[in-house]
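So this block is coords.txt, compact mmCIF, C-alpha atoms and all ligand atoms:
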# COMPACT_ATOMS: atom_id res chain seq x y z
CA LEU A 1 -49.55 29.13 -17.21
CA ARG A 2 -47.38 31.48 -19.24
CA GLU A 3 -44.80 29.86 -21.49
CA ASP A 4 -41.80 31.53 -19.78
CA ALA A 5 -43.15 30.55 -16.35
CA LEU A 6 -43.36 26.93 -17.46
CA LEU A 7 -39.77 27.07 -18.74
CA CYS A 8 -38.63 28.51 -15.46
CA TYR A 9 -40.39 25.74 -13.55
CA THR A 10 -39.04 22.86 -15.68
CA SER A 11 -35.46 24.13 -15.53
CA HIS A 12 -35.49 23.61 -11.77
CA MET A 13 -36.84 20.08 -11.91
CA PRO A 14 -34.23 17.47 -10.93
CA ASP A 15 -33.16 15.23 -13.82
CA PHE A 16 -33.64 12.01 -11.87
CA ALA A 17 -35.36 10.76 -8.73
CA ALA A 18 -33.43 11.69 -5.58
CA PRO A 19 -31.94 8.20 -4.93
CA VAL A 20 -30.66 8.06 -8.52
CA GLU A 21 -29.18 11.55 -8.19
CA ARG A 22 -27.47 10.42 -5.00
CA LEU A 23 -26.00 7.36 -6.72
CA ILE A 24 -24.76 9.44 -9.67
CA ASP A 25 -23.28 11.96 -7.26
CA ALA A 26 -21.43 9.24 -5.33
CA LEU A 27 -20.06 7.70 -8.53
CA LYS A 28 -18.91 11.13 -9.74
CA HIS A 29 -16.56 11.33 -6.76
CA LEU A 30 -14.53 8.42 -8.15
CA PRO A 31 -11.38 9.45 -10.06
CA GLY A 32 -11.83 9.69 -13.81
CA ILE A 33 -15.63 9.52 -13.63
CA GLY A 34 -17.54 12.48 -15.06
CA GLN A 35 -21.27 13.19 -15.16
CA LYS A 36 -21.97 11.06 -18.26
CA THR A 37 -20.00 8.02 -17.09
CA ALA A 38 -21.57 8.31 -13.64
CA GLN A 39 -25.04 8.27 -15.24
CA ARG A 40 -24.14 5.26 -17.40
CA LEU A 41 -22.82 3.34 -14.39
CA ALA A 42 -25.81 4.30 -12.27
CA PHE A 43 -28.26 3.05 -14.90
CA HIS A 44 -26.22 -0.11 -15.36
CA LEU A 45 -26.50 -0.75 -11.61
CA LEU A 46 -30.23 0.00 -11.65
CA ARG A 47 -30.75 -2.48 -14.51
CA ALA A 48 -28.61 -5.15 -12.79
CA SER A 49 -30.15 -7.77 -10.53
CA PRO A 50 -30.36 -6.82 -6.83
CA GLU A 51 -27.72 -9.52 -6.07
CA GLU A 52 -25.26 -8.11 -8.60
CA ALA A 53 -25.71 -4.50 -7.54
CA LEU A 54 -25.63 -5.24 -3.83
CA ALA A 55 -22.52 -7.45 -4.27
CA LEU A 56 -20.70 -4.25 -5.25
CA SER A 57 -21.91 -2.32 -2.21
CA ASP A 58 -21.06 -5.32 0.01
CA ALA A 59 -17.54 -5.49 -1.46
CA ILE A 60 -17.01 -1.77 -0.78
CA ARG A 61 -18.30 -2.09 2.79
CA ASP A 62 -16.20 -5.22 3.42
CA ALA A 63 -13.02 -3.60 2.10
CA LYS A 64 -13.61 -0.41 4.08
CA GLU A 65 -14.27 -2.31 7.30
CA LYS A 66 -11.43 -4.84 7.04
CA ILE A 67 -8.65 -3.00 5.25
CA ARG A 68 -6.51 -0.65 7.26
CA GLU A 69 -3.08 0.91 7.14
CA CYS A 70 -0.02 -1.05 8.27
CA SER A 71 1.27 0.82 11.33
CA THR A 72 4.86 0.20 10.23
CA CYS A 73 4.97 0.84 6.49
CA HIS A 74 1.51 2.41 5.77
CA ASN A 75 0.71 -0.25 3.17
CA ILE A 76 -3.00 -1.16 2.96
CA THR A 77 -3.56 -4.49 4.68
CA ASP A 78 -6.07 -6.70 6.46
CA SER A 79 -3.47 -7.66 9.08
CA ASP A 80 -1.25 -5.24 10.98
CA PRO A 81 1.74 -5.40 10.52
CA CYS A 82 1.33 -6.32 6.85
CA LEU A 83 2.70 -9.45 5.21
CA TYR A 84 5.78 -7.60 3.89
CA CYS A 85 6.70 -6.25 7.33
CA VAL A 86 6.48 -9.70 8.99
CA GLY A 87 7.62 -11.85 6.04
CA PRO A 88 10.41 -14.13 7.37
CA THR A 89 12.17 -14.16 4.01
CA ARG A 90 12.10 -10.37 3.58
CA ASN A 91 15.31 -8.37 3.92
CA HIS A 92 14.66 -5.98 6.81
CA LYS A 93 17.72 -3.85 6.09
CA THR A 94 16.41 -2.33 2.86
CA ILE A 95 13.43 0.01 2.67
CA CYS A 96 11.95 0.94 -0.70
CA VAL A 97 10.03 4.21 -0.52
CA VAL A 98 6.95 4.32 -2.75
CA GLU A 99 4.30 6.96 -3.34
CA GLU A 100 1.22 4.80 -3.03
CA ALA A 101 0.41 1.31 -1.77
CA HIS A 102 -0.44 0.10 -5.29
CA ASN A 103 3.16 0.83 -6.36
CA ILE A 104 4.20 -2.14 -4.19
CA LEU A 105 2.35 -4.56 -6.48
CA ALA A 106 4.29 -3.38 -9.51
CA ILE A 107 7.59 -3.89 -7.69
CA GLU A 108 6.56 -7.29 -6.32
CA LYS A 109 5.65 -8.46 -9.83
CA THR A 110 9.27 -8.03 -10.91
CA ARG A 111 10.34 -10.58 -8.22
CA MET A 112 13.61 -8.64 -8.02
CA TYR A 113 13.05 -7.08 -4.60
CA SER A 114 12.55 -8.74 -1.23
CA GLY A 115 13.09 -5.85 1.18
CA MET A 116 10.75 -3.66 3.19
CA TYR A 117 8.51 -0.89 1.91
CA HIS A 118 7.48 2.52 3.09
CA VAL A 119 4.37 4.13 1.60
CA LEU A 120 4.43 7.93 1.61
CA GLY A 121 0.74 8.26 0.76
CA GLY A 122 1.26 10.54 -2.23
CA ALA A 123 3.80 12.88 -3.72
CA LEU A 124 4.58 16.45 -2.82
CA SER A 125 1.92 18.53 -4.51
CA PRO A 126 1.82 22.18 -3.51
CA LEU A 127 -1.14 22.84 -5.80
CA GLN A 128 -3.20 20.27 -3.90
CA GLY A 129 -1.87 21.55 -0.57
CA ARG A 130 0.22 18.44 0.05
CA GLY A 131 3.51 19.38 1.64
CA PRO A 132 5.96 17.19 3.60
CA GLU A 133 3.68 17.25 6.67
CA GLN A 134 0.96 15.40 4.78
CA LEU A 135 3.28 12.59 3.70
CA LYS A 136 4.50 9.72 5.92
CA ILE A 137 8.04 11.07 6.02
CA LYS A 138 8.47 11.34 9.80
CA SER A 139 7.68 7.66 10.38
CA HIS A 140 10.18 6.76 7.66
CA ARG A 141 12.79 8.79 9.52
CA ARG A 142 11.97 6.92 12.72
CA ARG A 143 12.36 3.59 10.96
CA ARG A 144 15.74 4.55 9.56
CA GLY A 145 16.95 6.57 12.49
CA ASP A 146 18.22 9.09 9.96
CA ARG A 147 18.08 12.82 10.11
CA ARG A 148 17.54 13.18 6.41
CA VAL A 149 15.21 11.21 4.19
CA PRO A 150 16.49 9.67 0.99
CA LEU A 151 13.55 9.83 -1.35
CA LYS A 152 14.80 7.67 -4.16
CA VAL A 153 11.45 7.79 -5.90
CA ALA A 154 11.27 11.59 -5.93
CA GLU A 155 11.81 13.06 -9.35
CA ALA A 156 13.47 16.28 -10.34
CA ALA A 157 10.13 17.83 -11.24
CA ARG A 158 8.74 17.17 -7.80
CA ARG A 159 11.79 18.65 -6.18
CA ALA A 160 11.35 21.75 -8.29
CA ARG A 161 7.69 22.00 -7.27
CA PHE A 162 8.63 21.46 -3.63
CA ALA A 163 11.25 24.19 -3.82
CA ASP A 164 8.61 26.41 -5.37
CA TRP A 165 6.13 25.56 -2.61
CA ARG A 166 8.77 26.26 0.03
CA ARG A 167 9.64 29.59 -1.53
CA HIS A 168 6.02 30.69 -1.70
CA SER A 169 4.90 29.39 1.66
CA GLY A 170 8.02 30.57 3.46
CA ARG A 171 8.27 27.18 5.19
CA ARG A 172 11.40 25.15 5.31
CA GLY A 173 10.08 21.59 5.68
CA PRO A 174 12.41 18.64 6.15
CA GLY A 175 15.55 18.31 4.05
CA ILE A 176 15.18 15.96 1.13
CA ARG A 177 18.06 14.33 -0.61
CA GLY A 178 18.10 11.66 -3.27
ZN ZN B 1 3.80 -3.11 6.57

Output the file's structure as structure tokens, nothing else.
Amino acid sequence: LREDALLCYTSHMPDFAAPVERLIDALKHLPGIGQKTAQRLAFHLLRASPEEALALSDAIRDAKEKIRECSTCHNITDSDPCLYCVGPTRNHKTICVVEEAHNILAIEKTRMYSGMYHVLGGALSPLQGRGPEQLKIKSHRRRRGDRRVPLKVAEAARRARFADWRRHSGRRGPGIRG
């Protein structure tokens, strides 16, 4: 075999066995995980006992099967409506609009708020193709019965980006006021 032919052949060999490649690939899809971290995690899981490694896959499966979106506020929950929407001590006249479900935890930790929540499911992000249609704004309108949506969590920068998105896409979208 010629030396260059050998080089050509080895450069197309996969680095790892197919199941390991698949595991690394799946881990790489997680936010903040690059190729090197994915490899480190994959080899950690391969070194771990079957019980330990499979406990992780069981936890993922369990969460995916049991956790859903609250049909009222879009919080993630194992009971619909969620505990905030049915809580007897919660103030049903106030709705706090948050970007993501995990923002609720931070607010709850302050113990200063006992109203309702509404999870938008992200922020306006024209670069990622997320306009008003992708956010849970319509259902918030329905809950309030308002024509306009007060997005108290929206920041000036996001408004600027939204205005930019609207200008470039030529779409009007719903009115947003703080
Ligand atoms: Zn809810």

Check which residues of chain A sit at most 12 Å from ligand ZN 1 (chain B) using all atoms listed in the file, and return one row each with the closest pair of atoms and their distance in Å to one decimal, ordered by chain and rising number, as JSON lines.
{"residue": "A:Arg68", "atom": "CA", "partner": "B:ZN1", "partner_atom": "ZN", "distance": 10.6}
{"residue": "A:Glu69", "atom": "CA", "partner": "B:ZN1", "partner_atom": "ZN", "distance": 8.0}
{"residue": "A:Cys70", "atom": "CA", "partner": "B:ZN1", "partner_atom": "ZN", "distance": 4.7}
{"residue": "A:Ser71", "atom": "CA", "partner": "B:ZN1", "partner_atom": "ZN", "distance": 6.7}
{"residue": "A:Thr72", "atom": "CA", "partner": "B:ZN1", "partner_atom": "ZN", "distance": 5.0}
{"residue": "A:Cys73", "atom": "CA", "partner": "B:ZN1", "partner_atom": "ZN", "distance": 4.1}
{"residue": "A:His74", "atom": "CA", "partner": "B:ZN1", "partner_atom": "ZN", "distance": 6.0}
{"residue": "A:Asn75", "atom": "CA", "partner": "B:ZN1", "partner_atom": "ZN", "distance": 5.4}
{"residue": "A:Ile76", "atom": "CA", "partner": "B:ZN1", "partner_atom": "ZN", "distance": 7.9}
{"residue": "A:Thr77", "atom": "CA", "partner": "B:ZN1", "partner_atom": "ZN", "distance": 7.7}
{"residue": "A:Asp78", "atom": "CA", "partner": "B:ZN1", "partner_atom": "ZN", "distance": 10.5}
{"residue": "A:Ser79", "atom": "CA", "partner": "B:ZN1", "partner_atom": "ZN", "distance": 8.9}
{"residue": "A:Asp80", "atom": "CA", "partner": "B:ZN1", "partner_atom": "ZN", "distance": 7.0}
{"residue": "A:Pro81", "atom": "CA", "partner": "B:ZN1", "partner_atom": "ZN", "distance": 5.0}
{"residue": "A:Cys82", "atom": "CA", "partner": "B:ZN1", "partner_atom": "ZN", "distance": 4.1}
{"residue": "A:Leu83", "atom": "CA", "partner": "B:ZN1", "partner_atom": "ZN", "distance": 6.6}
{"residue": "A:Tyr84", "atom": "CA", "partner": "B:ZN1", "partner_atom": "ZN", "distance": 5.6}
{"residue": "A:Cys85", "atom": "CA", "partner": "B:ZN1", "partner_atom": "ZN", "distance": 4.3}
{"residue": "A:Val86", "atom": "CA", "partner": "B:ZN1", "partner_atom": "ZN", "distance": 7.5}
{"residue": "A:Gly87", "atom": "CA", "partner": "B:ZN1", "partner_atom": "ZN", "distance": 9.6}
{"residue": "A:Arg90", "atom": "CA", "partner": "B:ZN1", "partner_atom": "ZN", "distance": 11.4}
{"residue": "A:His92", "atom": "CA", "partner": "B:ZN1", "partner_atom": "ZN", "distance": 11.2}
{"residue": "A:Ile95", "atom": "CA", "partner": "B:ZN1", "partner_atom": "ZN", "distance": 10.8}
{"residue": "A:Cys96", "atom": "CA", "partner": "B:ZN1", "partner_atom": "ZN", "distance": 11.6}
{"residue": "A:Val97", "atom": "CA", "partner": "B:ZN1", "partner_atom": "ZN", "distance": 11.9}
{"residue": "A:Ala101", "atom": "CA", "partner": "B:ZN1", "partner_atom": "ZN", "distance": 10.0}
{"residue": "A:Ile104", "atom": "CA", "partner": "B:ZN1", "partner_atom": "ZN", "distance": 10.8}
{"residue": "A:Gly115", "atom": "CA", "partner": "B:ZN1", "partner_atom": "ZN", "distance": 11.1}
{"residue": "A:Met116", "atom": "CA", "partner": "B:ZN1", "partner_atom": "ZN", "distance": 7.7}
{"residue": "A:Tyr117", "atom": "CA", "partner": "B:ZN1", "partner_atom": "ZN", "distance": 7.0}
{"residue": "A:His118", "atom": "CA", "partner": "B:ZN1", "partner_atom": "ZN", "distance": 7.6}
{"residue": "A:Val119", "atom": "CA", "partner": "B:ZN1", "partner_atom": "ZN", "distance": 8.8}
{"residue": "A:His140", "atom": "CA", "partner": "B:ZN1", "partner_atom": "ZN", "distance": 11.8}
{"residue": "A:Arg143", "atom": "CA", "partner": "B:ZN1", "partner_atom": "ZN", "distance": 11.7}

#### Entry: Nearest to Pro126 in chain A by atom-to-atom distance, counting only C-alpha atoms, from A:Asn91, A:Ser139, A:Asn103, A:Ser169
A:Ser169

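Take CA of Leu135 in chain A and CA of Val98 in chain A: the distance between them is 11.1 Å.
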
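Closest to Lys138 in chain A among A:Leu56, A:Met112, A:Ser125, A:Leu120 is A:Leu120, based on all atoms listed in the file.
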